[in-house]
Amino acid sequence: MKLDRITSNPNRMNGQPSIRNLRLTVRRVIELLATYPNREELRQEFPELEDEDIQQALIFVIVLLGRSPH
């Protein structure tokens, strides 16, 4: 899977991997998933965050940890 929603810009968010150049880092998305187990509540608080963004953030972390997503 191509992680085309994960971006990294050294001049933005201290170069941390982010979602679609938004001010949401991959790390923050993972934290939000732990904080908001109910996806509907998460969508209400962060309407700009799409399902594909969440999926790619999770895959990014899996790859970062050295495991295959499949």
# chains A, B, ... in the order shown; residues from 1 in each chain; ligands from 1

$ residues_around --residues "segment 31-43 of chain A" --least-positions-apart "5" --cutoff "12 Å" --atoms "only C-alpha atoms" --output "PDB file with all heavy atoms, in the first residue's frame"
ATOM      1  N   LEU A  24      -1.893  17.670  11.923  1.00  0.00           N
ATOM      2  CA  LEU A  24      -2.131  16.426  12.650  1.00  0.00           C
ATOM      3  C   LEU A  24      -0.988  15.480  12.326  1.00  0.00           C
ATOM      4  O   LEU A  24      -0.872  14.997  11.202  1.00  0.00           O
ATOM      5  CB  LEU A  24      -3.450  15.782  12.228  1.00  0.00           C
ATOM      6  CG  LEU A  24      -4.714  16.304  12.867  1.00  0.00           C
ATOM      7  CD1 LEU A  24      -5.936  15.703  12.196  1.00  0.00           C
ATOM      8  CD2 LEU A  24      -4.732  16.025  14.343  1.00  0.00           C
ATOM      9  N   THR A  25      -0.147  15.222  13.309  1.00  0.00           N
ATOM     10  CA  THR A  25       0.951  14.287  13.090  1.00  0.00           C
ATOM     11  C   THR A  25       0.440  12.852  13.202  1.00  0.00           C
ATOM     12  O   THR A  25      -0.628  12.603  13.776  1.00  0.00           O
ATOM     13  CB  THR A  25       2.077  14.494  14.113  1.00  0.00           C
ATOM     14  OG1 THR A  25       1.569  14.221  15.428  1.00  0.00           O
ATOM     15  CG2 THR A  25       2.639  15.912  14.050  1.00  0.00           C
ATOM     16  N   VAL A  26       1.206  11.935  12.655  1.00  0.00           N
ATOM     17  CA  VAL A  26       0.861  10.520  12.776  1.00  0.00           C
ATOM     18  C   VAL A  26       0.779  10.161  14.260  1.00  0.00           C
ATOM     19  O   VAL A  26      -0.152   9.472  14.688  1.00  0.00           O
ATOM     20  CB  VAL A  26       1.892   9.638  12.038  1.00  0.00           C
ATOM     21  CG1 VAL A  26       1.688   8.167  12.360  1.00  0.00           C
ATOM     22  CG2 VAL A  26       1.819   9.882  10.535  1.00  0.00           C
ATOM     23  N   GLU A  48     -11.811  16.762   9.786  1.00  0.00           N
ATOM     24  CA  GLU A  48     -10.870  16.716   8.663  1.00  0.00           C
ATOM     25  C   GLU A  48     -10.152  15.370   8.558  1.00  0.00           C
ATOM     26  O   GLU A  48      -9.568  15.036   7.531  1.00  0.00           O
ATOM     27  CB  GLU A  48      -9.831  17.842   8.781  1.00  0.00           C
ATOM     28  CG  GLU A  48      -8.859  17.711   9.935  1.00  0.00           C
ATOM     29  CD  GLU A  48      -9.367  18.219  11.284  1.00  0.00           C
ATOM     30  OE1 GLU A  48     -10.583  18.415  11.472  1.00  0.00           O
ATOM     31  OE2 GLU A  48      -8.520  18.415  12.162  1.00  0.00           O
ATOM     32  N   LEU A  49     -10.212  14.570   9.609  1.00  0.00           N
ATOM     33  CA  LEU A  49      -9.546  13.275   9.647  1.00  0.00           C
ATOM     34  C   LEU A  49     -10.437  12.225   8.984  1.00  0.00           C
ATOM     35  O   LEU A  49     -11.555  11.969   9.421  1.00  0.00           O
ATOM     36  CB  LEU A  49      -9.250  12.893  11.094  1.00  0.00           C
ATOM     37  CG  LEU A  49      -8.328  11.720  11.342  1.00  0.00           C
ATOM     38  CD1 LEU A  49      -6.960  11.964  10.715  1.00  0.00           C
ATOM     39  CD2 LEU A  49      -8.178  11.491  12.831  1.00  0.00           C
ATOM     40  N   GLU A  50      -9.938  11.620   7.917  1.00  0.00           N
ATOM     41  CA  GLU A  50     -10.704  10.646   7.150  1.00  0.00           C
ATOM     42  C   GLU A  50     -10.269   9.224   7.499  1.00  0.00           C
ATOM     43  O   GLU A  50      -9.171   9.010   8.007  1.00  0.00           O
ATOM     44  CB  GLU A  50     -10.518  10.908   5.655  1.00  0.00           C
ATOM     45  CG  GLU A  50     -10.991  12.293   5.244  1.00  0.00           C
ATOM     46  CD  GLU A  50     -10.664  12.640   3.799  1.00  0.00           C
ATOM     47  OE1 GLU A  50     -10.096  11.777   3.073  1.00  0.00           O
ATOM     48  OE2 GLU A  50     -10.977  13.765   3.399  1.00  0.00           O
ATOM     49  N   ASP A  51     -11.128   8.259   7.202  1.00  0.00           N
ATOM     50  CA  ASP A  51     -10.814   6.854   7.490  1.00  0.00           C
ATOM     51  C   ASP A  51      -9.488   6.424   6.864  1.00  0.00           C
ATOM     52  O   ASP A  51      -8.703   5.718   7.480  1.00  0.00           O
ATOM     53  CB  ASP A  51     -11.937   5.932   7.008  1.00  0.00           C
ATOM     54  CG  ASP A  51     -13.173   6.011   7.896  1.00  0.00           C
ATOM     55  OD1 ASP A  51     -13.052   6.433   9.063  1.00  0.00           O
ATOM     56  OD2 ASP A  51     -14.257   5.639   7.419  1.00  0.00           O
ATOM     57  N   ASP A  53      -6.951   8.267   6.257  1.00  0.00           N
ATOM     58  CA  ASP A  53      -5.871   8.881   7.040  1.00  0.00           C
ATOM     59  C   ASP A  53      -5.522   8.003   8.240  1.00  0.00           C
ATOM     60  O   ASP A  53      -4.352   7.748   8.525  1.00  0.00           O
ATOM     61  CB  ASP A  53      -6.280  10.265   7.556  1.00  0.00           C
ATOM     62  CG  ASP A  53      -6.593  11.252   6.455  1.00  0.00           C
ATOM     63  OD1 ASP A  53      -5.986  11.167   5.372  1.00  0.00           O
ATOM     64  OD2 ASP A  53      -7.452  12.124   6.694  1.00  0.00           O
ATOM     65  N   ILE A  54      -6.553   7.538   8.920  1.00  0.00           N
ATOM     66  CA  ILE A  54      -6.353   6.684  10.094  1.00  0.00           C
ATOM     67  C   ILE A  54      -5.678   5.379   9.699  1.00  0.00           C
ATOM     68  O   ILE A  54      -4.719   4.946  10.331  1.00  0.00           O
ATOM     69  CB  ILE A  54      -7.696   6.425  10.811  1.00  0.00           C
ATOM     70  CG1 ILE A  54      -8.238   7.733  11.395  1.00  0.00           C
ATOM     71  CG2 ILE A  54      -7.551   5.354  11.884  1.00  0.00           C
ATOM     72  CD1 ILE A  54      -9.668   7.661  11.883  1.00  0.00           C
ATOM     73  N   GLN A  55      -6.159   4.775   8.633  1.00  0.00           N
ATOM     74  CA  GLN A  55      -5.588   3.508   8.170  1.00  0.00           C
ATOM     75  C   GLN A  55      -4.111   3.679   7.823  1.00  0.00           C
ATOM     76  O   GLN A  55      -3.268   2.872   8.221  1.00  0.00           O
ATOM     77  CB  GLN A  55      -6.357   2.988   6.967  1.00  0.00           C
ATOM     78  CG  GLN A  55      -5.813   1.660   6.463  1.00  0.00           C
ATOM     79  CD  GLN A  55      -6.564   1.156   5.249  1.00  0.00           C
ATOM     80  OE1 GLN A  55      -7.286   1.895   4.588  1.00  0.00           O
ATOM     81  NE2 GLN A  55      -6.393  -0.106   4.942  1.00  0.00           N
ATOM     82  N   ALA A  57      -2.038   5.988   8.896  1.00  0.00           N
ATOM     83  CA  ALA A  57      -1.267   6.274  10.115  1.00  0.00           C
ATOM     84  C   ALA A  57      -0.941   4.969  10.840  1.00  0.00           C
ATOM     85  O   ALA A  57       0.194   4.772  11.302  1.00  0.00           O
ATOM     86  CB  ALA A  57      -2.037   7.214  11.030  1.00  0.00           C
ATOM     87  N   LEU A  58      -1.903   4.078  10.927  1.00  0.00           N
ATOM     88  CA  LEU A  58      -1.669   2.785  11.572  1.00  0.00           C
ATOM     89  C   LEU A  58      -0.637   1.951  10.808  1.00  0.00           C
ATOM     90  O   LEU A  58       0.268   1.361  11.402  1.00  0.00           O
ATOM     91  CB  LEU A  58      -2.983   2.018  11.709  1.00  0.00           C
ATOM     92  CG  LEU A  58      -3.972   2.580  12.726  1.00  0.00           C
ATOM     93  CD1 LEU A  58      -5.342   1.934  12.559  1.00  0.00           C
ATOM     94  CD2 LEU A  58      -3.449   2.405  14.134  1.00  0.00           C
ATOM     95  N   VAL A  61       2.904   3.272  11.362  1.00  0.00           N
ATOM     96  CA  VAL A  61       3.462   2.858  12.648  1.00  0.00           C
ATOM     97  C   VAL A  61       3.885   1.384  12.605  1.00  0.00           C
ATOM     98  O   VAL A  61       4.941   1.019  13.123  1.00  0.00           O
ATOM     99  CB  VAL A  61       2.461   3.123  13.791  1.00  0.00           C
ATOM    100  CG1 VAL A  61       2.919   2.497  15.080  1.00  0.00           C
ATOM    101  CG2 VAL A  61       2.272   4.622  13.961  1.00  0.00           C
TER     102      VAL A  61
END

$ residues_around --residues "Met1 of chain A" --least-positions-apart "2" --cutoff "10 Å" --atoms "only C-alpha atoms" --output "VMD selection string"
chain A and resid 3 to 4 56 59 69

$ select_by_dssp --residues "chain A" --states "alpha helix (DSSP H)" --output "PyMOL selection string"
chain A and resi 26-35+39-45+51-64

$ write_last_selection --atoms "C-alpha atoms" --output "PDB file, in the first residue's frame"
ATOM      1  CA  VAL A  26       0.861  10.520  12.776  1.00  0.00           C
ATOM      2  CA  ARG A  27       1.722  10.376  16.473  1.00  0.00           C
ATOM      3  CA  ARG A  28      -1.276  12.581  17.322  1.00  0.00           C
ATOM      4  CA  VAL A  29      -3.605  10.384  15.262  1.00  0.00           C
ATOM      5  CA  ILE A  30      -2.456   7.303  17.183  1.00  0.00           C
ATOM      6  CA  GLU A  31      -2.971   9.175  20.468  1.00  0.00           C
ATOM      7  CA  LEU A  32      -6.463  10.199  19.325  1.00  0.00           C
ATOM      8  CA  LEU A  33      -7.342   6.586  18.521  1.00  0.00           C
ATOM      9  CA  ALA A  34      -6.444   5.660  22.089  1.00  0.00           C
ATOM     10  CA  THR A  35      -8.375   8.625  23.502  1.00  0.00           C
ATOM     11  CA  ARG A  39     -14.836   6.695  15.869  1.00  0.00           C
ATOM     12  CA  GLU A  40     -17.992   8.820  15.699  1.00  0.00           C
ATOM     13  CA  GLU A  41     -16.772  10.995  18.572  1.00  0.00           C
ATOM     14  CA  LEU A  42     -13.384  11.247  16.890  1.00  0.00           C
ATOM     15  CA  ARG A  43     -15.042  12.369  13.638  1.00  0.00           C
ATOM     16  CA  GLN A  44     -17.042  15.022  15.490  1.00  0.00           C
ATOM     17  CA  GLU A  45     -13.921  16.471  17.115  1.00  0.00           C
ATOM     18  CA  ASP A  51     -10.814   6.854   7.490  1.00  0.00           C
ATOM     19  CA  GLU A  52      -8.004   6.486   4.949  1.00  0.00           C
ATOM     20  CA  ASP A  53      -5.871   8.881   7.040  1.00  0.00           C
ATOM     21  CA  ILE A  54      -6.353   6.684  10.094  1.00  0.00           C
ATOM     22  CA  GLN A  55      -5.588   3.508   8.170  1.00  0.00           C
ATOM     23  CA  GLN A  56      -2.392   4.940   6.723  1.00  0.00           C
ATOM     24  CA  ALA A  57      -1.267   6.274  10.115  1.00  0.00           C
ATOM     25  CA  LEU A  58      -1.669   2.785  11.572  1.00  0.00           C
ATOM     26  CA  ILE A  59       0.217   1.173   8.682  1.00  0.00           C
ATOM     27  CA  PHE A  60       2.978   3.777   8.998  1.00  0.00           C
ATOM     28  CA  VAL A  61       3.462   2.858  12.648  1.00  0.00           C
ATOM     29  CA  ILE A  62       3.448  -0.871  11.848  1.00  0.00           C
ATOM     30  CA  VAL A  63       6.121  -0.372   9.201  1.00  0.00           C
ATOM     31  CA  LEU A  64       8.095   1.870  11.541  1.00  0.00           C
TER      32      LEU A  64
END

$ select_by_dssp --residues "segment 2-69 of chain A" --states "strand (DSSP E or B)" --output "PyMOL selection string"
chain A and resi 6-7+18-19+25

$ residues_around --residues "Asn9 of chain A" --least-positions-apart "5" --cutoff "9 Å" --atoms "only C-alpha atoms" --output "tab-separated table (two decimals) with N, CA and C atoms, in the first residue's frame"
chain	number	residue	atom	x	y	z
A	14	ASN	N	7.90	20.49	12.88
A	14	ASN	CA	9.25	20.01	13.22
A	14	ASN	C	9.66	18.79	12.40
A	15	GLY	N	9.13	18.67	11.20
A	15	GLY	CA	9.49	17.57	10.33
A	15	GLY	C	8.83	16.24	10.66
A	16	GLN	N	7.94	16.23	11.65
A	16	GLN	CA	7.27	14.99	12.02
A	16	GLN	C	6.32	14.55	10.91
A	17	PRO	N	6.21	13.24	10.69
A	17	PRO	CA	5.26	12.74	9.69
A	17	PRO	C	3.84	13.20	10.06
A	18	SER	N	3.16	13.76	9.08
A	18	SER	CA	1.83	14.33	9.30
A	18	SER	C	0.84	13.75	8.30
A	21	ASN	N	-0.38	17.05	5.13
A	21	ASN	CA	0.10	18.40	5.43
A	21	ASN	C	-0.81	19.16	6.39
